[in-house]
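J.: TSV, N, CA and C atoms, file run37.tsv:
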```
chain	number	residue	atom	x	y	z
A	1	MET	N	4.11	-24.00	-35.51
A	1	MET	CA	2.85	-23.55	-34.97
A	1	MET	C	2.28	-22.40	-35.81
A	2	THR	N	3.14	-21.67	-36.48
A	2	THR	CA	2.68	-20.59	-37.36
A	2	THR	C	1.84	-21.17	-38.49
A	3	PHE	N	2.25	-22.32	-39.03
A	3	PHE	CA	1.51	-22.99	-40.09
A	3	PHE	C	0.07	-23.26	-39.63
A	4	SER	N	-0.08	-23.85	-38.45
A	4	SER	CA	-1.40	-24.17	-37.92
A	4	SER	C	-2.23	-22.92	-37.71
A	5	ARG	N	-1.58	-21.88	-37.25
A	5	ARG	CA	-2.29	-20.62	-37.03
A	5	ARG	C	-2.87	-20.09	-38.34
A	6	TYR	N	-2.06	-20.10	-39.40
A	6	TYR	CA	-2.52	-19.62	-40.71
A	6	TYR	C	-3.61	-20.52	-41.29
A	7	VAL	N	-3.43	-21.83	-41.18
A	7	VAL	CA	-4.39	-22.77	-41.74
A	7	VAL	C	-5.77	-22.59	-41.11
A	8	PHE	N	-5.83	-22.61	-39.79
A	8	PHE	CA	-7.13	-22.55	-39.12
A	8	PHE	C	-7.75	-21.16	-39.17
A	9	THR	N	-6.95	-20.12	-39.08
A	9	THR	CA	-7.50	-18.77	-39.21
A	9	THR	C	-8.01	-18.56	-40.63
A	10	GLY	N	-7.24	-18.99	-41.61
A	10	GLY	CA	-7.67	-18.88	-43.01
A	10	GLY	C	-8.94	-19.67	-43.27
A	11	ALA	N	-9.03	-20.88	-42.72
A	11	ALA	CA	-10.22	-21.70	-42.90
A	11	ALA	C	-11.44	-21.04	-42.27
A	12	GLY	N	-11.26	-20.45	-41.09
A	12	GLY	CA	-12.37	-19.78	-40.41
A	12	GLY	C	-12.86	-18.56	-41.18
A	13	VAL	N	-11.92	-17.75	-41.64
A	13	VAL	CA	-12.30	-16.55	-42.41
A	13	VAL	C	-12.97	-16.97	-43.71
A	14	TRP	N	-12.38	-17.93	-44.42
A	14	TRP	CA	-12.96	-18.43	-45.67
A	14	TRP	C	-14.40	-18.91	-45.45
A	15	GLY	N	-14.59	-19.71	-44.42
A	15	GLY	CA	-15.91	-20.26	-44.14
A	15	GLY	C	-16.94	-19.19	-43.82
A	16	VAL	N	-16.57	-18.21	-43.02
A	16	VAL	CA	-17.50	-17.13	-42.68
A	16	VAL	C	-17.88	-16.36	-43.94
A	17	VAL	N	-16.89	-16.08	-44.79
A	17	VAL	CA	-17.16	-15.33	-46.03
A	17	VAL	C	-18.07	-16.12	-46.96
A	18	VAL	N	-17.85	-17.42	-47.07
A	18	VAL	CA	-18.63	-18.25	-48.00
A	18	VAL	C	-20.03	-18.55	-47.45
A	19	LEU	N	-20.15	-18.80	-46.16
A	19	LEU	CA	-21.43	-19.21	-45.59
A	19	LEU	C	-22.39	-18.07	-45.29
A	20	THR	N	-21.88	-16.93	-44.87
A	20	THR	CA	-22.75	-15.84	-44.44
A	20	THR	C	-23.78	-15.44	-45.50
A	21	PRO	N	-23.41	-15.28	-46.77
A	21	PRO	CA	-24.43	-14.89	-47.76
A	21	PRO	C	-25.57	-15.91	-47.90
A	22	LEU	N	-25.33	-17.17	-47.59
A	22	LEU	CA	-26.37	-18.18	-47.74
A	22	LEU	C	-27.57	-17.92	-46.83
A	23	PHE	N	-27.35	-17.21	-45.73
A	23	PHE	CA	-28.47	-16.88	-44.85
A	23	PHE	C	-29.50	-16.01	-45.56
A	24	TRP	N	-29.07	-15.25	-46.58
A	24	TRP	CA	-29.98	-14.36	-47.30
A	24	TRP	C	-30.22	-14.78	-48.75
A	25	LEU	N	-29.61	-15.86	-49.20
A	25	LEU	CA	-29.75	-16.31	-50.58
A	25	LEU	C	-30.61	-17.56	-50.70
A	26	VAL	N	-31.65	-17.64	-49.94
A	26	VAL	CA	-32.54	-18.79	-49.96
A	26	VAL	C	-33.14	-18.98	-51.35
A	27	ASP	N	-33.48	-17.90	-52.01
A	27	ASP	CA	-34.09	-18.00	-53.35
A	27	ASP	C	-33.14	-18.62	-54.36
A	28	VAL	N	-31.87	-18.26	-54.31
A	28	VAL	CA	-30.89	-18.82	-55.25
A	28	VAL	C	-30.72	-20.31	-55.01
A	29	THR	N	-30.66	-20.70	-53.76
A	29	THR	CA	-30.50	-22.11	-53.41
A	29	THR	C	-31.69	-22.92	-53.86
A	30	GLY	N	-32.88	-22.34	-53.85
A	30	GLY	CA	-34.09	-23.06	-54.20
A	30	GLY	C	-34.40	-23.12	-55.68
A	31	ARG	N	-33.52	-22.65	-56.54
A	31	ARG	CA	-33.80	-22.69	-57.98
A	31	ARG	C	-33.62	-24.07	-58.59
A	32	ARG	N	-32.63	-24.81	-58.14
A	32	ARG	CA	-32.36	-26.14	-58.71
A	32	ARG	C	-33.09	-27.26	-57.99
A	33	TYR	N	-33.43	-27.03	-56.75
A	33	TYR	CA	-34.06	-28.06	-55.92
A	33	TYR	C	-35.29	-27.45	-55.25
A	34	THR	N	-35.96	-28.26	-54.46
A	34	THR	CA	-37.06	-27.68	-53.71
A	34	THR	C	-36.51	-26.57	-52.82
A	35	PRO	N	-37.26	-25.48	-52.70
A	35	PRO	CA	-36.74	-24.35	-51.94
A	35	PRO	C	-36.47	-24.70	-50.48
A	36	PRO	N	-35.39	-24.14	-49.93
A	36	PRO	CA	-35.09	-24.40	-48.51
A	36	PRO	C	-36.20	-23.98	-47.57
A	37	THR	N	-37.12	-23.15	-48.04
A	37	THR	CA	-38.24	-22.77	-47.18
A	37	THR	C	-39.14	-23.97	-46.91
A	38	ASP	N	-39.00	-25.04	-47.72
A	38	ASP	CA	-39.76	-26.28	-47.47
A	38	ASP	C	-39.17	-27.08	-46.32
A	39	TYR	N	-37.91	-26.86	-46.00
A	39	TYR	CA	-37.24	-27.58	-44.91
A	39	TYR	C	-36.28	-26.63	-44.19
A	40	PRO	N	-36.80	-25.52	-43.64
A	40	PRO	CA	-35.93	-24.51	-43.03
A	40	PRO	C	-35.11	-25.05	-41.87
A	41	GLN	N	-35.63	-26.04	-41.14
A	41	GLN	CA	-34.89	-26.57	-40.00
A	41	GLN	C	-33.58	-27.21	-40.43
A	42	PHE	N	-33.55	-27.85	-41.60
A	42	PHE	CA	-32.31	-28.47	-42.08
A	42	PHE	C	-31.39	-27.43	-42.71
A	43	PHE	N	-31.95	-26.55	-43.51
A	43	PHE	CA	-31.14	-25.54	-44.20
A	43	PHE	C	-30.46	-24.61	-43.20
A	44	TYR	N	-31.26	-23.98	-42.34
A	44	TYR	CA	-30.68	-23.04	-41.38
A	44	TYR	C	-29.94	-23.77	-40.25
A	45	GLY	N	-30.36	-24.99	-39.96
A	45	GLY	CA	-29.63	-25.79	-38.99
A	45	GLY	C	-28.23	-26.10	-39.48
A	46	PHE	N	-28.12	-26.50	-40.77
A	46	PHE	CA	-26.81	-26.77	-41.37
A	46	PHE	C	-25.95	-25.51	-41.34
A	47	LEU	N	-26.54	-24.39	-41.77
A	47	LEU	CA	-25.76	-23.14	-41.80
A	47	LEU	C	-25.29	-22.75	-40.40
A	48	SER	N	-26.14	-22.91	-39.40
A	48	SER	CA	-25.77	-22.54	-38.03
A	48	SER	C	-24.64	-23.42	-37.50
A	49	VAL	N	-24.74	-24.72	-37.75
A	49	VAL	CA	-23.68	-25.63	-37.29
A	49	VAL	C	-22.38	-25.35	-38.05
A	50	ALA	N	-22.49	-25.14	-39.35
A	50	ALA	CA	-21.30	-24.84	-40.15
A	50	ALA	C	-20.66	-23.53	-39.69
A	51	MET	N	-21.47	-22.54	-39.39
A	51	MET	CA	-20.93	-21.26	-38.91
A	51	MET	C	-20.27	-21.43	-37.54
A	52	ALA	N	-20.84	-22.26	-36.69
A	52	ALA	CA	-20.21	-22.52	-35.38
A	52	ALA	C	-18.82	-23.12	-35.57
A	53	TRP	N	-18.67	-24.00	-36.57
A	53	TRP	CA	-17.37	-24.58	-36.83
A	53	TRP	C	-16.37	-23.54	-37.33
A	54	GLN	N	-16.85	-22.56	-38.09
A	54	GLN	CA	-15.93	-21.52	-38.56
A	54	GLN	C	-15.39	-20.73	-37.37
A	55	ILE	N	-16.26	-20.49	-36.40
A	55	ILE	CA	-15.81	-19.79	-35.19
A	55	ILE	C	-14.81	-20.67	-34.43
A	56	ALA	N	-15.07	-21.98	-34.38
A	56	ALA	CA	-14.13	-22.90	-33.73
A	56	ALA	C	-12.78	-22.88	-34.44
A	57	PHE	N	-12.79	-22.81	-35.78
A	57	PHE	CA	-11.52	-22.74	-36.52
A	57	PHE	C	-10.76	-21.48	-36.13
A	58	LEU	N	-11.48	-20.38	-35.96
A	58	LEU	CA	-10.82	-19.13	-35.55
A	58	LEU	C	-10.23	-19.27	-34.14
A	59	PHE	N	-10.94	-19.94	-33.25
A	59	PHE	CA	-10.39	-20.19	-31.90
A	59	PHE	C	-9.12	-21.03	-31.99
A	60	ILE	N	-9.17	-22.10	-32.78
A	60	ILE	CA	-7.99	-22.96	-32.93
A	60	ILE	C	-6.84	-22.14	-33.49
A	61	GLY	N	-7.12	-21.32	-34.50
A	61	GLY	CA	-6.07	-20.49	-35.10
A	61	GLY	C	-5.48	-19.48	-34.14
A	62	SER	N	-6.25	-19.06	-33.15
A	62	SER	CA	-5.74	-18.08	-32.19
A	62	SER	C	-4.68	-18.68	-31.26
A	63	ASN	N	-4.77	-19.98	-31.00
A	63	ASN	CA	-3.80	-20.65	-30.12
A	63	ASN	C	-3.79	-22.15	-30.44
A	64	PRO	N	-3.11	-22.53	-31.53
A	64	PRO	CA	-3.14	-23.94	-31.97
A	64	PRO	C	-2.65	-24.93	-30.93
A	65	LEU	N	-1.67	-24.55	-30.14
A	65	LEU	CA	-1.16	-25.48	-29.14
A	65	LEU	C	-2.21	-25.77	-28.06
A	66	ARG	N	-2.86	-24.72	-27.61
A	66	ARG	CA	-3.88	-24.88	-26.58
A	66	ARG	C	-5.09	-25.68	-27.09
A	67	PHE	N	-5.47	-25.44	-28.35
A	67	PHE	CA	-6.67	-26.07	-28.90
A	67	PHE	C	-6.32	-27.23	-29.84
A	68	ARG	N	-5.16	-27.83	-29.66
A	68	ARG	CA	-4.71	-28.90	-30.56
A	68	ARG	C	-5.71	-30.05	-30.63
A	69	TRP	N	-6.26	-30.47	-29.52
A	69	TRP	CA	-7.16	-31.62	-29.53
A	69	TRP	C	-8.50	-31.29	-30.19
A	70	LEU	N	-8.83	-30.02	-30.30
A	70	LEU	CA	-10.03	-29.62	-31.03
A	70	LEU	C	-9.83	-29.78	-32.55
A	71	MET	N	-8.58	-29.93	-32.95
A	71	MET	CA	-8.30	-30.16	-34.38
A	71	MET	C	-8.86	-31.51	-34.85
A	72	ILE	N	-8.95	-32.48	-33.95
A	72	ILE	CA	-9.45	-33.80	-34.34
A	72	ILE	C	-10.91	-33.72	-34.80
A	73	PRO	N	-11.83	-33.13	-34.02
A	73	PRO	CA	-13.19	-33.01	-34.56
A	73	PRO	C	-13.26	-32.11	-35.79
A	74	ALA	N	-12.35	-31.14	-35.91
A	74	ALA	CA	-12.31	-30.30	-37.11
A	74	ALA	C	-11.96	-31.15	-38.33
A	75	ILE	N	-11.01	-32.06	-38.16
A	75	ILE	CA	-10.63	-32.98	-39.25
A	75	ILE	C	-11.81	-33.88	-39.59
A	76	ILE	N	-12.48	-34.40	-38.57
A	76	ILE	CA	-13.63	-35.28	-38.80
A	76	ILE	C	-14.74	-34.52	-39.54
A	77	GLU	N	-14.94	-33.25	-39.19
A	77	GLU	CA	-15.95	-32.43	-39.87
A	77	GLU	C	-15.64	-32.34	-41.36
A	78	LYS	N	-14.41	-32.06	-41.71
A	78	LYS	CA	-14.03	-31.93	-43.13
A	78	LYS	C	-14.08	-33.28	-43.83
A	79	VAL	N	-13.50	-34.30	-43.24
A	79	VAL	CA	-13.47	-35.63	-43.87
A	79	VAL	C	-14.88	-36.20	-44.00
A	80	GLY	N	-15.71	-35.96	-43.00
A	80	GLY	CA	-17.09	-36.45	-43.06
A	80	GLY	C	-17.87	-35.83	-44.20
A	81	TYR	N	-17.75	-34.54	-44.36
A	81	TYR	CA	-18.47	-33.85	-45.44
A	81	TYR	C	-17.97	-34.31	-46.81
A	82	VAL	N	-16.66	-34.38	-46.97
A	82	VAL	CA	-16.09	-34.82	-48.25
A	82	VAL	C	-16.50	-36.26	-48.54
A	83	SER	N	-16.45	-37.10	-47.54
A	83	SER	CA	-16.84	-38.51	-47.72
A	83	SER	C	-18.29	-38.63	-48.19
A	84	MET	N	-19.19	-37.86	-47.57
A	84	MET	CA	-20.60	-37.91	-47.97
A	84	MET	C	-20.78	-37.45	-49.40
A	85	LEU	N	-20.08	-36.40	-49.80
A	85	LEU	CA	-20.19	-35.93	-51.18
A	85	LEU	C	-19.68	-36.99	-52.15
A	86	ILE	N	-18.59	-37.64	-51.82
A	86	ILE	CA	-18.04	-38.69	-52.69
A	86	ILE	C	-19.02	-39.86	-52.79
A	87	ILE	N	-19.56	-40.27	-51.67
A	87	ILE	CA	-20.53	-41.38	-51.68
A	87	ILE	C	-21.77	-41.01	-52.49
A	88	PHE	N	-22.31	-39.82	-52.27
A	88	PHE	CA	-23.50	-39.41	-53.01
A	88	PHE	C	-23.22	-39.31	-54.51
A	89	TYR	N	-22.06	-38.76	-54.86
A	89	TYR	CA	-21.71	-38.63	-56.29
A	89	TYR	C	-21.51	-40.00	-56.93
A	90	SER	N	-20.77	-40.87	-56.27
A	90	SER	CA	-20.47	-42.18	-56.85
A	90	SER	C	-21.72	-43.06	-56.96
A	91	SER	N	-22.72	-42.80	-56.13
A	91	SER	CA	-23.96	-43.57	-56.23
A	91	SER	C	-25.00	-42.88	-57.12
A	92	GLY	N	-24.63	-41.76	-57.73
A	92	GLY	CA	-25.51	-41.07	-58.65
A	92	GLY	C	-26.58	-40.23	-58.00
A	93	ARG	N	-26.45	-39.96	-56.73
A	93	ARG	CA	-27.48	-39.18	-56.02
A	93	ARG	C	-27.29	-37.68	-56.18
A	94	ILE	N	-26.05	-37.24	-56.52
A	94	ILE	CA	-25.81	-35.82	-56.80
A	94	ILE	C	-24.98	-35.73	-58.08
A	95	SER	N	-25.04	-34.56	-58.71
A	95	SER	CA	-24.29	-34.34	-59.95
A	95	SER	C	-22.85	-33.92	-59.62
A	96	ALA	N	-22.03	-33.86	-60.67
A	96	ALA	CA	-20.64	-33.43	-60.50
A	96	ALA	C	-20.57	-31.99	-59.98
A	97	ILE	N	-21.49	-31.16	-60.43
A	97	ILE	CA	-21.52	-29.77	-59.97
A	97	ILE	C	-21.79	-29.71	-58.46
A	98	ASP	N	-22.71	-30.56	-58.00
A	98	ASP	CA	-23.04	-30.57	-56.58
A	98	ASP	C	-21.93	-31.17	-55.73
A	99	ALA	N	-21.05	-31.95	-56.35
A	99	ALA	CA	-19.92	-32.56	-55.63
A	99	ALA	C	-18.71	-31.64	-55.57
A	100	GLN	N	-18.72	-30.55	-56.32
A	100	GLN	CA	-17.56	-29.66	-56.36
A	100	GLN	C	-17.13	-29.07	-55.02
A	101	PRO	N	-18.05	-28.81	-54.08
A	101	PRO	CA	-17.59	-28.29	-52.79
A	101	PRO	C	-16.65	-29.24	-52.04
A	102	ALA	N	-16.52	-30.47	-52.52
A	102	ALA	CA	-15.60	-31.40	-51.87
A	102	ALA	C	-14.15	-30.93	-52.00
A	103	TRP	N	-13.80	-30.28	-53.08
A	103	TRP	CA	-12.39	-29.92	-53.31
A	103	TRP	C	-11.81	-28.98	-52.28
A	104	PRO	N	-12.42	-27.82	-52.01
A	104	PRO	CA	-11.82	-26.96	-50.97
A	104	PRO	C	-11.82	-27.62	-49.60
A	105	ASP	N	-12.89	-28.37	-49.28
A	105	ASP	CA	-12.93	-29.03	-47.97
A	105	ASP	C	-11.93	-30.17	-47.88
A	106	LEU	N	-11.69	-30.87	-48.99
A	106	LEU	CA	-10.65	-31.90	-49.01
A	106	LEU	C	-9.28	-31.28	-48.75
A	107	LEU	N	-9.00	-30.17	-49.42
A	107	LEU	CA	-7.73	-29.46	-49.20
A	107	LEU	C	-7.60	-29.02	-47.75
A	108	LEU	N	-8.67	-28.43	-47.21
A	108	LEU	CA	-8.62	-27.99	-45.81
A	108	LEU	C	-8.46	-29.17	-44.86
A	109	GLY	N	-9.14	-30.28	-45.14
A	109	GLY	CA	-8.98	-31.48	-44.31
A	109	GLY	C	-7.55	-31.97	-44.28
A	110	ILE	N	-6.91	-31.98	-45.44
A	110	ILE	CA	-5.49	-32.39	-45.51
A	110	ILE	C	-4.63	-31.41	-44.73
A	111	LEU	N	-4.88	-30.11	-44.92
A	111	LEU	CA	-4.11	-29.10	-44.19
A	111	LEU	C	-4.35	-29.21	-42.68
A	112	PHE	N	-5.57	-29.54	-42.27
A	112	PHE	CA	-5.85	-29.73	-40.84
A	112	PHE	C	-5.05	-30.89	-40.29
A	113	ILE	N	-4.94	-31.98	-41.05
A	113	ILE	CA	-4.15	-33.14	-40.60
A	113	ILE	C	-2.69	-32.76	-40.46
A	114	VAL	N	-2.16	-32.05	-41.45
A	114	VAL	CA	-0.76	-31.60	-41.39
A	114	VAL	C	-0.55	-30.69	-40.20
A	115	ALA	N	-1.49	-29.76	-39.97
A	115	ALA	CA	-1.39	-28.84	-38.84
A	115	ALA	C	-1.40	-29.60	-37.52
A	116	PHE	N	-2.26	-30.61	-37.42
A	116	PHE	CA	-2.32	-31.40	-36.19
A	116	PHE	C	-0.98	-32.08	-35.93
A	117	VAL	N	-0.40	-32.67	-36.96
A	117	VAL	CA	0.88	-33.38	-36.81
A	117	VAL	C	2.00	-32.40	-36.47
A	118	LYS	N	1.99	-31.23	-37.09
A	118	LYS	CA	3.08	-30.26	-36.86
A	118	LYS	C	2.96	-29.54	-35.52
A	119	THR	N	1.77	-29.52	-34.93
A	119	THR	CA	1.58	-28.81	-33.66
A	119	THR	C	1.78	-29.81	-32.52
A	120	ARG	N	2.90	-29.73	-31.87
A	120	ARG	CA	3.21	-30.62	-30.76
A	120	ARG	C	3.83	-29.86	-29.61
```
Would you encode the structure as structure tokens?
T.:
Amino acid sequence: MTFSRYVFTGAGVWGVVVLTPLFWLVDVTGRRYTPPTDYPQFFYGFLSVAMAWQIAFLFIGSNPLRFRWLMIPAIIEKVGYVSMLIIFYSSGRISAIDAQPAWPDLLLGILFIVAFVKTR
């Protein structure tokens, strides 16, 4: 259970650290593509949902046994995002640079699966 605690707490802290600056870096995000100010509902909606998941990861990390079943949607969240990046990259809709966020989320998804199996 210690493994699960570290995995989910680490994932939550990592996510909060990585996502929080994006709320104020709209200009940087809009340099390669149309600016997020053109579609704020999707940009800030994504950030808000992603941030909610980071808080959920922290909850799971606080008591993995109690929140074990919440690990399943957490796994789906990671696998879903990685799958979409792979599909978009393989169909030529995004570049290799844009597909790079798949790696940390793939690792976390695998660790989430291991944590789920180990927490019984």
J.: So what do you get for CA of Leu85 (chain A) versus CA of Ala99 (chain A), distance-wise?
T.: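 These atoms are spaced 5.6 Å apart.
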J.: Would you pick out the contacts of Val79 (chain A) at 8 Å or less, using only C-alpha atoms, so that residues sharing its chain but fewer than 2 positions from it are not included, and give the list as a list in words?
T.: Ile75, Ile76, Glu77, Tyr81, Val82, Ser83, Asp105, Leu106 and Gly109 of chain A
J.: What is the distance, in Å and to one decimal place, between CA of Ile113 (chain A) and CA of Pro73 (chain A)?
T.: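 Distance between the two atoms: 10.9 Å.
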J.: One decimal, in Å: what's the spacing between atom C of Gly10 (chain A) and atom C of Gln41 (chain A)?
T.: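 Those two atoms sit 25.9 Å apart.
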J.: Give as a VMD selection string the set of residues within 12 Å of the point (-5.2, -22.9, -41.4), where distances use the file's coordinates and only C-alpha atoms.
T.: chain A and resid 1 to 15 54 56 to 64 71 74 to 75 105 107 to 116 118 to 119
J.: Would you mind completing region 102-112 of chain A to all heavy atoms and writing the output as a PDB file, keeping the file's coordinate frame?
T.:
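Written file, selection08.pdb:
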```pdb
ATOM      1  N   ALA A 102     -16.520 -30.470 -52.520  1.00  0.00           N
ATOM      2  CA  ALA A 102     -15.600 -31.400 -51.870  1.00  0.00           C
ATOM      3  C   ALA A 102     -14.150 -30.930 -52.000  1.00  0.00           C
ATOM      4  O   ALA A 102     -13.344 -31.177 -51.094  1.00  0.00           O
ATOM      5  CB  ALA A 102     -15.739 -32.802 -52.468  1.00  0.00           C
ATOM      6  N   TRP A 103     -13.800 -30.280 -53.080  1.00  0.00           N
ATOM      7  CA  TRP A 103     -12.390 -29.920 -53.310  1.00  0.00           C
ATOM      8  C   TRP A 103     -11.810 -28.980 -52.280  1.00  0.00           C
ATOM      9  O   TRP A 103     -10.760 -29.277 -51.695  1.00  0.00           O
ATOM     10  CB  TRP A 103     -12.204 -29.375 -54.738  1.00  0.00           C
ATOM     11  CG  TRP A 103     -12.403 -30.461 -55.748  1.00  0.00           C
ATOM     12  CD1 TRP A 103     -13.446 -30.593 -56.612  1.00  0.00           C
ATOM     13  CD2 TRP A 103     -11.561 -31.601 -55.956  1.00  0.00           C
ATOM     14  NE1 TRP A 103     -13.306 -31.748 -57.355  1.00  0.00           N
ATOM     15  CE2 TRP A 103     -12.154 -32.381 -56.975  1.00  0.00           C
ATOM     16  CE3 TRP A 103     -10.384 -32.043 -55.383  1.00  0.00           C
ATOM     17  CZ2 TRP A 103     -11.600 -33.566 -57.423  1.00  0.00           C
ATOM     18  CZ3 TRP A 103      -9.824 -33.226 -55.842  1.00  0.00           C
ATOM     19  CH2 TRP A 103     -10.426 -33.973 -56.846  1.00  0.00           C
ATOM     20  N   PRO A 104     -12.420 -27.820 -52.010  1.00  0.00           N
ATOM     21  CA  PRO A 104     -11.820 -26.960 -50.970  1.00  0.00           C
ATOM     22  C   PRO A 104     -11.820 -27.620 -49.600  1.00  0.00           C
ATOM     23  O   PRO A 104     -10.872 -27.470 -48.820  1.00  0.00           O
ATOM     24  CB  PRO A 104     -12.651 -25.684 -50.987  1.00  0.00           C
ATOM     25  CG  PRO A 104     -13.780 -25.916 -51.911  1.00  0.00           C
ATOM     26  CD  PRO A 104     -13.551 -27.169 -52.657  1.00  0.00           C
ATOM     27  N   ASP A 105     -12.890 -28.370 -49.280  1.00  0.00           N
ATOM     28  CA  ASP A 105     -12.930 -29.030 -47.970  1.00  0.00           C
ATOM     29  C   ASP A 105     -11.930 -30.170 -47.880  1.00  0.00           C
ATOM     30  O   ASP A 105     -11.380 -30.434 -46.811  1.00  0.00           O
ATOM     31  CB  ASP A 105     -14.346 -29.506 -47.665  1.00  0.00           C
ATOM     32  CG  ASP A 105     -15.228 -28.397 -47.125  1.00  0.00           C
ATOM     33  OD1 ASP A 105     -14.741 -27.262 -47.033  1.00  0.00           O
ATOM     34  OD2 ASP A 105     -16.382 -28.655 -46.779  1.00  0.00           O
ATOM     35  N   LEU A 106     -11.690 -30.870 -48.990  1.00  0.00           N
ATOM     36  CA  LEU A 106     -10.650 -31.900 -49.010  1.00  0.00           C
ATOM     37  C   LEU A 106      -9.280 -31.280 -48.750  1.00  0.00           C
ATOM     38  O   LEU A 106      -8.504 -31.781 -47.927  1.00  0.00           O
ATOM     39  CB  LEU A 106     -10.654 -32.653 -50.335  1.00  0.00           C
ATOM     40  CG  LEU A 106      -9.565 -33.706 -50.508  1.00  0.00           C
ATOM     41  CD1 LEU A 106      -9.712 -34.818 -49.482  1.00  0.00           C
ATOM     42  CD2 LEU A 106      -9.600 -34.280 -51.928  1.00  0.00           C
ATOM     43  N   LEU A 107      -9.000 -30.170 -49.420  1.00  0.00           N
ATOM     44  CA  LEU A 107      -7.730 -29.460 -49.200  1.00  0.00           C
ATOM     45  C   LEU A 107      -7.600 -29.020 -47.750  1.00  0.00           C
ATOM     46  O   LEU A 107      -6.564 -29.229 -47.113  1.00  0.00           O
ATOM     47  CB  LEU A 107      -7.611 -28.266 -50.145  1.00  0.00           C
ATOM     48  CG  LEU A 107      -6.395 -27.371 -49.924  1.00  0.00           C
ATOM     49  CD1 LEU A 107      -5.104 -28.142 -50.168  1.00  0.00           C
ATOM     50  CD2 LEU A 107      -6.470 -26.146 -50.814  1.00  0.00           C
ATOM     51  N   LEU A 108      -8.670 -28.430 -47.210  1.00  0.00           N
ATOM     52  CA  LEU A 108      -8.620 -27.990 -45.810  1.00  0.00           C
ATOM     53  C   LEU A 108      -8.460 -29.170 -44.860  1.00  0.00           C
ATOM     54  O   LEU A 108      -7.724 -29.087 -43.879  1.00  0.00           O
ATOM     55  CB  LEU A 108      -9.876 -27.184 -45.454  1.00  0.00           C
ATOM     56  CG  LEU A 108      -9.927 -25.779 -46.026  1.00  0.00           C
ATOM     57  CD1 LEU A 108     -11.285 -25.145 -45.778  1.00  0.00           C
ATOM     58  CD2 LEU A 108      -8.817 -24.923 -45.454  1.00  0.00           C
ATOM     59  N   GLY A 109      -9.140 -30.280 -45.140  1.00  0.00           N
ATOM     60  CA  GLY A 109      -8.980 -31.480 -44.310  1.00  0.00           C
ATOM     61  C   GLY A 109      -7.550 -31.970 -44.280  1.00  0.00           C
ATOM     62  O   GLY A 109      -7.020 -32.311 -43.213  1.00  0.00           O
ATOM     63  N   ILE A 110      -6.910 -31.980 -45.440  1.00  0.00           N
ATOM     64  CA  ILE A 110      -5.490 -32.390 -45.510  1.00  0.00           C
ATOM     65  C   ILE A 110      -4.630 -31.410 -44.730  1.00  0.00           C
ATOM     66  O   ILE A 110      -3.742 -31.814 -43.973  1.00  0.00           O
ATOM     67  CB  ILE A 110      -5.042 -32.504 -46.980  1.00  0.00           C
ATOM     68  CG1 ILE A 110      -5.762 -33.685 -47.651  1.00  0.00           C
ATOM     69  CG2 ILE A 110      -3.524 -32.648 -47.082  1.00  0.00           C
ATOM     70  CD1 ILE A 110      -5.628 -33.717 -49.160  1.00  0.00           C
ATOM     71  N   LEU A 111      -4.880 -30.110 -44.920  1.00  0.00           N
ATOM     72  CA  LEU A 111      -4.110 -29.100 -44.190  1.00  0.00           C
ATOM     73  C   LEU A 111      -4.350 -29.210 -42.680  1.00  0.00           C
ATOM     74  O   LEU A 111      -3.419 -29.000 -41.887  1.00  0.00           O
ATOM     75  CB  LEU A 111      -4.461 -27.698 -44.684  1.00  0.00           C
ATOM     76  CG  LEU A 111      -3.985 -27.363 -46.092  1.00  0.00           C
ATOM     77  CD1 LEU A 111      -4.540 -26.013 -46.532  1.00  0.00           C
ATOM     78  CD2 LEU A 111      -2.464 -27.381 -46.184  1.00  0.00           C
ATOM     79  N   PHE A 112      -5.570 -29.540 -42.270  1.00  0.00           N
ATOM     80  CA  PHE A 112      -5.850 -29.730 -40.840  1.00  0.00           C
ATOM     81  C   PHE A 112      -5.050 -30.890 -40.290  1.00  0.00           C
ATOM     82  O   PHE A 112      -4.525 -30.827 -39.169  1.00  0.00           O
ATOM     83  CB  PHE A 112      -7.339 -29.979 -40.616  1.00  0.00           C
ATOM     84  CG  PHE A 112      -8.227 -28.771 -40.753  1.00  0.00           C
ATOM     85  CD1 PHE A 112      -7.736 -27.535 -41.163  1.00  0.00           C
ATOM     86  CD2 PHE A 112      -9.577 -28.870 -40.482  1.00  0.00           C
ATOM     87  CE1 PHE A 112      -8.560 -26.436 -41.287  1.00  0.00           C
ATOM     88  CE2 PHE A 112     -10.423 -27.781 -40.598  1.00  0.00           C
ATOM     89  CZ  PHE A 112      -9.916 -26.557 -41.001  1.00  0.00           C
TER      90      PHE A 112
END
```
